[in-house]
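S.K.: Next up, structure_31.txt (compact mmCIF, C-alpha atoms and all ligand atoms).
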# COMPACT_ATOMS: atom_id res chain seq x y z
CA MET A 281 -15.46 22.52 20.82
CA ARG A 282 -15.76 18.84 19.88
CA VAL A 283 -16.05 18.30 16.14
CA VAL A 284 -15.89 15.29 13.82
CA LEU A 285 -14.94 15.71 10.15
CA LEU A 286 -16.77 13.49 7.68
CA GLY A 287 -16.21 13.05 3.99
CA PRO A 288 -14.71 10.69 1.43
CA PRO A 289 -10.99 9.97 1.28
CA GLY A 290 -9.10 12.76 -0.46
CA VAL A 291 -11.62 15.49 0.34
CA GLY A 292 -9.21 17.36 2.63
CA LYS A 293 -10.21 16.26 6.12
CA GLY A 294 -6.57 15.87 7.16
CA THR A 295 -5.47 19.30 5.94
CA GLN A 296 -8.53 21.12 7.28
CA GLY A 297 -8.62 19.18 10.54
CA ARG A 298 -4.98 19.89 11.29
CA ARG A 299 -5.48 23.63 10.77
CA LEU A 300 -8.74 23.80 12.74
CA ALA A 301 -7.19 22.02 15.71
CA LEU A 302 -3.98 24.06 15.61
CA GLU A 303 -5.69 27.46 15.37
CA HIS A 304 -8.03 26.75 18.29
CA GLY A 305 -5.75 24.75 20.58
CA TRP A 306 -7.84 21.60 20.25
CA ALA A 307 -6.45 18.07 20.00
CA LEU A 308 -6.30 16.58 16.51
CA ILE A 309 -7.43 12.97 16.67
CA SER A 310 -6.61 11.33 13.36
CA THR A 311 -7.30 7.60 13.55
CA GLY A 312 -5.59 6.98 10.19
CA GLU A 313 -2.48 8.69 11.57
CA MET A 314 -2.64 6.66 14.79
CA LEU A 315 -2.89 3.44 12.79
CA ARG A 316 -0.03 4.43 10.48
CA GLU A 317 2.11 5.07 13.57
CA ALA A 318 1.19 1.66 14.97
CA VAL A 319 2.19 0.10 11.62
CA ALA A 320 5.53 1.95 11.62
CA GLN A 321 6.24 0.79 15.17
CA LYS A 322 5.18 -2.77 14.33
CA THR A 323 2.88 -3.03 17.38
CA PRO A 324 0.31 -5.88 17.47
CA LEU A 325 -2.36 -3.36 16.43
CA GLY A 326 -0.16 -2.19 13.56
CA THR A 327 0.39 -5.71 12.30
CA GLU A 328 -3.35 -6.40 12.37
CA ALA A 329 -4.26 -3.06 10.78
CA GLN A 330 -1.72 -2.97 7.97
CA ARG A 331 -3.29 -5.68 5.83
CA LEU A 332 -6.72 -4.03 6.02
CA MET A 333 -5.40 -0.52 5.40
CA ASP A 334 -3.30 -1.57 2.42
CA ALA A 335 -6.39 -3.24 0.96
CA GLY A 336 -8.48 -0.09 1.49
CA GLN A 337 -10.72 -1.87 4.03
CA LEU A 338 -11.79 -0.63 7.45
CA VAL A 339 -10.21 -1.79 10.69
CA GLY A 340 -12.77 -3.41 13.05
CA ASP A 341 -15.09 -1.22 15.07
CA HIS A 342 -14.12 -2.67 18.47
CA VAL A 343 -10.44 -1.81 17.91
CA MET A 344 -11.20 1.70 16.69
CA ILE A 345 -13.65 2.45 19.51
CA ALA A 346 -11.09 1.44 22.16
CA LEU A 347 -8.44 3.56 20.45
CA VAL A 348 -10.67 6.65 20.36
CA GLU A 349 -11.94 6.16 23.90
CA ASP A 350 -8.37 6.24 25.16
CA ARG A 351 -7.16 9.10 22.94
CA SER A 352 -10.13 11.42 23.51
CA GLY A 353 -9.80 11.00 27.28
CA ARG A 354 -6.25 12.38 27.39
CA PRO A 355 -5.67 15.81 28.96
CA ASP A 356 -4.87 17.59 25.68
CA ALA A 357 -8.38 16.77 24.42
CA ALA A 358 -10.14 18.25 27.48
CA ALA A 359 -10.52 21.70 25.86
CA GLY A 360 -11.84 20.22 22.63
CA PHE A 361 -10.92 17.99 19.73
CA VAL A 362 -11.21 17.61 15.98
CA MET A 363 -11.61 14.03 14.78
CA ASP A 364 -10.36 13.21 11.30
CA GLY A 365 -11.29 9.72 10.10
CA TYR A 366 -13.54 8.74 13.00
CA PRO A 367 -16.36 7.78 13.07
CA ARG A 368 -16.40 5.74 9.88
CA THR A 369 -19.41 3.55 10.67
CA VAL A 370 -22.71 4.07 12.48
CA PRO A 371 -21.65 1.77 15.38
CA GLN A 372 -18.52 3.94 15.82
CA ALA A 373 -20.70 7.08 15.97
CA ILE A 374 -23.02 5.52 18.53
CA ALA A 375 -20.01 4.44 20.62
CA LEU A 376 -18.58 7.98 20.51
CA GLU A 377 -21.85 9.35 21.86
CA GLY A 378 -21.69 6.87 24.73
CA ILE A 379 -18.04 7.69 25.51
CA LEU A 380 -18.76 11.44 25.62
CA LYS A 381 -21.97 11.00 27.60
CA GLN A 382 -20.06 9.08 30.31
CA ARG A 383 -17.84 12.16 30.63
CA GLY A 384 -20.79 14.57 30.70
CA GLN A 385 -19.84 15.85 27.23
CA THR A 386 -21.52 16.04 23.83
CA LEU A 387 -20.39 16.43 20.26
CA ASP A 388 -20.86 19.99 18.98
CA ALA A 389 -20.90 19.34 15.25
CA ALA A 390 -20.22 16.91 12.42
CA VAL A 391 -18.73 18.74 9.42
CA SER A 392 -19.25 17.01 6.10
CA LEU A 393 -16.80 17.98 3.34
CA ALA A 394 -17.89 16.95 -0.16
CA ALA A 395 -16.34 16.87 -3.64
CA PRO A 396 -17.08 14.96 -6.88
CA GLU A 397 -15.49 11.52 -7.20
CA ASP A 398 -13.26 12.33 -10.21
CA GLU A 399 -11.78 15.23 -8.24
CA LEU A 400 -11.10 12.94 -5.25
CA VAL A 401 -9.30 10.40 -7.46
CA ARG A 402 -7.23 13.20 -9.01
CA ARG A 403 -6.29 14.62 -5.63
CA MET A 404 -5.34 11.27 -4.12
CA SER A 405 -3.06 10.38 -7.01
CA ALA A 406 -1.15 13.66 -6.45
CA ARG A 407 -1.14 13.38 -2.67
CA ARG A 408 2.20 13.08 -0.84
CA GLU A 409 3.29 13.35 2.77
CA CYS A 410 6.44 13.94 4.76
CA PRO A 411 7.49 10.66 6.40
CA ILE A 412 8.86 12.62 9.39
CA CYS A 413 6.20 15.22 10.32
CA LYS A 414 3.28 13.80 8.26
CA ARG A 415 2.63 17.22 6.72
CA ALA A 416 0.36 16.73 3.73
CA TYR A 417 1.11 18.05 0.25
CA ASN A 418 -0.47 17.83 -3.16
CA LEU A 419 1.88 17.92 -6.13
CA VAL A 420 -0.71 19.89 -8.15
CA SER A 421 -2.53 22.19 -5.76
CA TRP A 422 -0.27 22.38 -2.70
CA PRO A 423 3.27 21.45 -3.77
CA PRO A 424 6.38 21.71 -1.59
CA LYS A 425 8.66 24.65 -2.42
CA ASP A 426 11.18 22.54 -4.37
CA GLY A 427 8.60 20.11 -5.78
CA ARG A 428 10.02 17.02 -4.00
CA HIS A 429 11.08 17.56 -0.39
CA CYS A 430 9.28 18.58 2.81
CA ASP A 431 9.42 22.37 3.39
CA ASP A 432 10.04 21.76 7.10
CA HIS A 433 12.55 18.90 6.64
CA PRO A 434 14.94 19.84 3.84
CA GLY A 435 16.31 16.77 2.06
CA VAL A 436 13.48 14.49 3.23
CA GLU A 437 11.71 13.16 0.14
CA LEU A 438 7.91 13.14 0.21
CA ILE A 439 6.22 9.74 -0.07
CA ARG A 440 2.91 8.38 -1.36
CA ARG A 441 0.80 6.46 1.17
CA ALA A 442 0.44 2.78 0.17
CA ASP A 443 -3.35 3.13 0.25
CA ASP A 444 -3.25 6.02 -2.25
CA ALA A 445 -2.33 3.55 -5.02
CA PRO A 446 -4.97 3.90 -7.79
CA GLU A 447 -6.72 0.51 -7.32
CA THR A 448 -6.90 0.98 -3.54
CA VAL A 449 -8.35 4.47 -3.95
CA LEU A 450 -11.37 3.03 -5.79
CA ARG A 451 -11.89 0.43 -3.07
CA ARG A 452 -11.73 3.13 -0.38
CA LEU A 453 -14.37 5.19 -2.20
CA GLU A 454 -16.65 2.13 -2.36
CA VAL A 455 -16.16 1.43 1.33
CA TYR A 456 -16.90 5.08 2.08
CA ALA A 457 -20.18 5.01 0.15
CA ARG A 458 -21.31 1.80 1.86
CA GLU A 459 -20.08 2.21 5.44
CA THR A 460 -19.49 5.90 6.12
CA ALA A 461 -21.92 7.91 3.97
CA PRO A 462 -24.89 6.75 6.15
CA LEU A 463 -23.37 8.87 8.92
CA LEU A 464 -24.58 12.01 7.13
CA GLU A 465 -28.19 10.96 7.79
CA PHE A 466 -27.27 9.94 11.32
CA TYR A 467 -25.93 13.41 12.19
CA ARG A 468 -28.56 15.24 10.12
CA GLY A 469 -31.16 13.52 12.28
CA GLN A 470 -29.43 14.98 15.34
CA CYS A 471 -29.24 18.47 13.77
CA ARG A 472 -25.46 18.36 14.16
CA LEU A 473 -24.56 18.11 10.47
CA ARG A 474 -22.80 21.09 8.83
CA GLU A 475 -22.34 20.59 5.08
CA VAL A 476 -19.33 22.33 3.53
CA PRO A 477 -18.17 22.24 -0.11
CA GLY A 478 -14.70 20.68 -0.30
CA LEU A 479 -13.90 22.32 -3.65
CA GLY A 480 -11.79 25.48 -3.88
CA THR A 481 -8.51 26.48 -2.31
CA VAL A 482 -7.49 25.27 1.13
CA ASP A 483 -8.22 28.77 2.50
CA GLU A 484 -11.67 28.94 0.88
CA VAL A 485 -12.69 25.57 2.29
CA TYR A 486 -11.33 26.53 5.69
CA ARG A 487 -13.36 29.76 5.71
CA SER A 488 -16.54 27.91 4.73
CA MET A 489 -15.92 25.35 7.44
CA THR A 490 -15.26 27.84 10.24
CA GLY A 491 -18.27 29.86 9.06
CA ALA A 492 -20.47 26.75 9.23
CA LEU A 493 -19.20 26.14 12.76
CA GLY A 494 -19.93 29.74 13.77
CA LEU A 495 -16.25 30.42 14.58
P1 LIG A 501 -7.35 7.78 6.69
O1 LIG A 501 -5.98 8.31 6.92
O2 LIG A 501 -8.37 8.41 7.59
O3 LIG A 501 -7.75 7.79 5.24
O4 LIG A 501 -7.31 6.24 7.13
C1 LIG A 501 -6.48 5.32 6.47
C2 LIG A 501 -6.99 3.90 6.72
O5 LIG A 501 -6.97 3.61 8.12
C3 LIG A 501 -8.43 3.65 6.30
O6 LIG A 501 -8.55 3.35 4.92
C4 LIG A 501 -8.79 2.46 7.19
O7 LIG A 501 -8.20 1.27 6.70
C5 LIG A 501 -8.09 2.82 8.48
N1 LIG A 501 -8.97 3.63 9.39
C6 LIG A 501 -8.77 4.91 9.79
N2 LIG A 501 -9.74 5.32 10.60
C7 LIG A 501 -10.60 4.28 10.72
C8 LIG A 501 -11.82 4.09 11.43
N3 LIG A 501 -12.37 5.06 12.16
N4 LIG A 501 -12.43 2.88 11.30
C9 LIG A 501 -11.89 1.89 10.57
N5 LIG A 501 -10.75 2.00 9.88
C10 LIG A 501 -10.09 3.19 9.95
For the file at hand, write its structure as structure tokens.
Ligand code: AMP
M.R.:
Amino acid sequence: MRVVLLGPPGVGKGTQGRRLALEHGWALISTGEMLREAVAQKTPLGTEAQRLMDAGQLVGDHVMIALVEDRSGRPDAAAGFVMDGYPRTVPQAIALEGILKQRGQTLDAAVSLAAPEDELVRRMSARRECPICKRAYNLVSWPPKDGRHCDDHPGVELIRRADDAPETVLRRLEVYARETAPLLEFYRGQCRLREVPGLGTVDEVYRSMTGALGL
């Protein structure tokens, strides 16, 4: 199955996407993760992307489209993929259609996860990740066993992403409303949209999402 996850930052796309991909043997294509890796490795893409990411702005469509065209064409994505963080603009969604069409494929569904803005701000301020395995935690709702270190990497302290700083979070929500929210209409018009409440426990949201996908 080929699925894209839509929704504002902090709604749980990363957590849900990771689980959906893992449980079904599909590739997880997280463009935010790919960009953060490029930043860590100081590649030319990383250098260009870092300034925009830290400011809560989007990286240019042409760069993102090329990245996704390459990643979604790799063998591990042949059986299916879950995209987390792409598409983020209507031109990116149109490009994805073209890329898949060239391969004789189509997108099966666009899942939209939703939650009220004050909840998103609260979640992002408590969000942490392991710098080694990128496993996501939330100090309030999904804390690590000892409250500070990764469960899978004992002794490795969890970190806050630079773009989860409070002022950047507000900018990211604005950018979402302006650039990404129109994608809901785009996919609704194609009858591919599946709307799922992003409130509740991780398990509850996961069950609603798999139910909406008919899994
Ligand atoms: P995320 O981890 O999905 O929240 O992405 C973190 C940041 O990476 C975003 O705030 C953007 O700056 C950038 N980014 C990730 N995916 C995209 C995309 N599809 N288009 C443009 N920028 C992106």
S.K.: Which one of A:Gly480, A:Pro355, A:Gly336, A:Pro423 sits closest to Pro446 of chain A if you count only C-alpha atoms?
M.R.: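 Result for the nearest residue to Pro446 of chain A: A:Gly336.
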S.K.: Could you please determine the separation between atom CA of Asp483 of chain A and atom CA of Leu463 of chain A in Å, to one decimal place?
M.R.: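 Between atom CA of Asp483 of chain A and atom CA of Leu463 of chain A the gap is 25.8 Å.
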S.K.: Could the residues that lie within 8 Å of ligand LIG 501 (chain A), counting all atoms listed in the file, be listed as number ranges by chain?
M.R.: A: 289-290, 294, 310-313, 315-316, 329-330, 332-341, 344-345, 364-369, 372, 443, 452
S.K.: Using only C-alpha atoms - which residues lie no farther than 10 Å from the point (-24.4, 10.9, 5.8) in the file's frame? Write them as an NGL selection string.
M.R.: :A and (286-287 or 370 or 390 or 392 or 457 or 459-469 or 473 or 475)
S.K.: Return as JSON the centre and edge lengths, in Å with one decimal, of the box along x, y and z that encloses every atom of segment 471-475 of chain A in the file, padded by 4 Å per side.
M.R.:
{"center_x": -25.8, "center_y": 19.6, "center_z": 9.6, "size_x": 14.9, "size_y": 11.0, "size_z": 17.1}
S.K.: What's the 7 Å shell around segment 299-305 of chain A, counting all atoms listed in the file, without same-chain residues fewer than 3 positions away, as a PDB file with C-alpha atoms, in the coordinates of the input?
M.R.:
ATOM      1  CA  THR A 295      -5.470  19.300   5.940  1.00  0.00           C
ATOM      2  CA  GLN A 296      -8.530  21.120   7.280  1.00  0.00           C
ATOM      3  CA  LEU A 308      -6.300  16.580  16.510  1.00  0.00           C
ATOM      4  CA  PHE A 361     -10.920  17.990  19.730  1.00  0.00           C
ATOM      5  CA  VAL A 362     -11.210  17.610  15.980  1.00  0.00           C
TER       6      VAL A 362
END
S.K.: Could you tell me how far atom CA of His342 of chain A lies from atom CA of Ala358 of chain A, in Å and to one decimal?
M.R.: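 Computing it gives 23.1 Å between the two atoms.
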S.K.: Restricting the calculation to all atoms listed in the file, which member of A:Ala395, A:Val436, A:Ala406, A:Val348 is positioned closest to Gly378 of chain A?
M.R.: A:Val348
S.K.: Give me the residues within 9 Å of Leu453 of chain A as a PyMOL selection string, counting all atoms listed in the file and dropping any in the same chain fewer than 3 places off.
M.R.: chain A and resi 288-289+336+397+400-401+448-450+456-458
S.K.: Go ahead and compute the interatomic distance for atom CA of His433 of chain A and atom CA of Arg487 of chain A, in Å to one decimal.
M.R.: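 Atom CA of Arg487 of chain A lies at a distance of 28.1 Å from atom CA of His433 of chain A.
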S.K.: Write out as a PDB file with C-alpha atoms, in the frame of the given file which residues come within 9 Å of Ile379 of chain A when counting all atoms listed in the file, dropping same-chain ones fewer than 5 positions away.
M.R.:
ATOM      1  CA  GLU A 349     -11.940   6.160  23.900  1.00  0.00           C
ATOM      2  CA  SER A 352     -10.130  11.420  23.510  1.00  0.00           C
ATOM      3  CA  ILE A 374     -23.020   5.520  18.530  1.00  0.00           C
ATOM      4  CA  GLN A 385     -19.840  15.850  27.230  1.00  0.00           C
TER       5      GLN A 385
END
S.K.: Env of Arg407 of chain A: 7 Å cut, atoms = only C-alpha atoms, seq-sep filter 6 positions within chain, self excluded. Answer as a ChimeraX atom specification.
M.R.: /A:417-419,440
S.K.: I want to know what sits within 7 Å of Asp388 of chain A, based on only C-alpha atoms, with residues of the same chain fewer than 2 positions away left out; could you give that as a tab-separated table (two decimals) with C-alpha atoms, in the frame of the given file?
M.R.:
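The resulting file, around.tsv, is reproduced below:
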chain	number	residue	atom	x	y	z
A	281	MET	CA	-15.46	22.52	20.82
A	282	ARG	CA	-15.76	18.84	19.88
A	283	VAL	CA	-16.05	18.30	16.14
A	386	THR	CA	-21.52	16.04	23.83
A	472	ARG	CA	-25.46	18.36	14.16
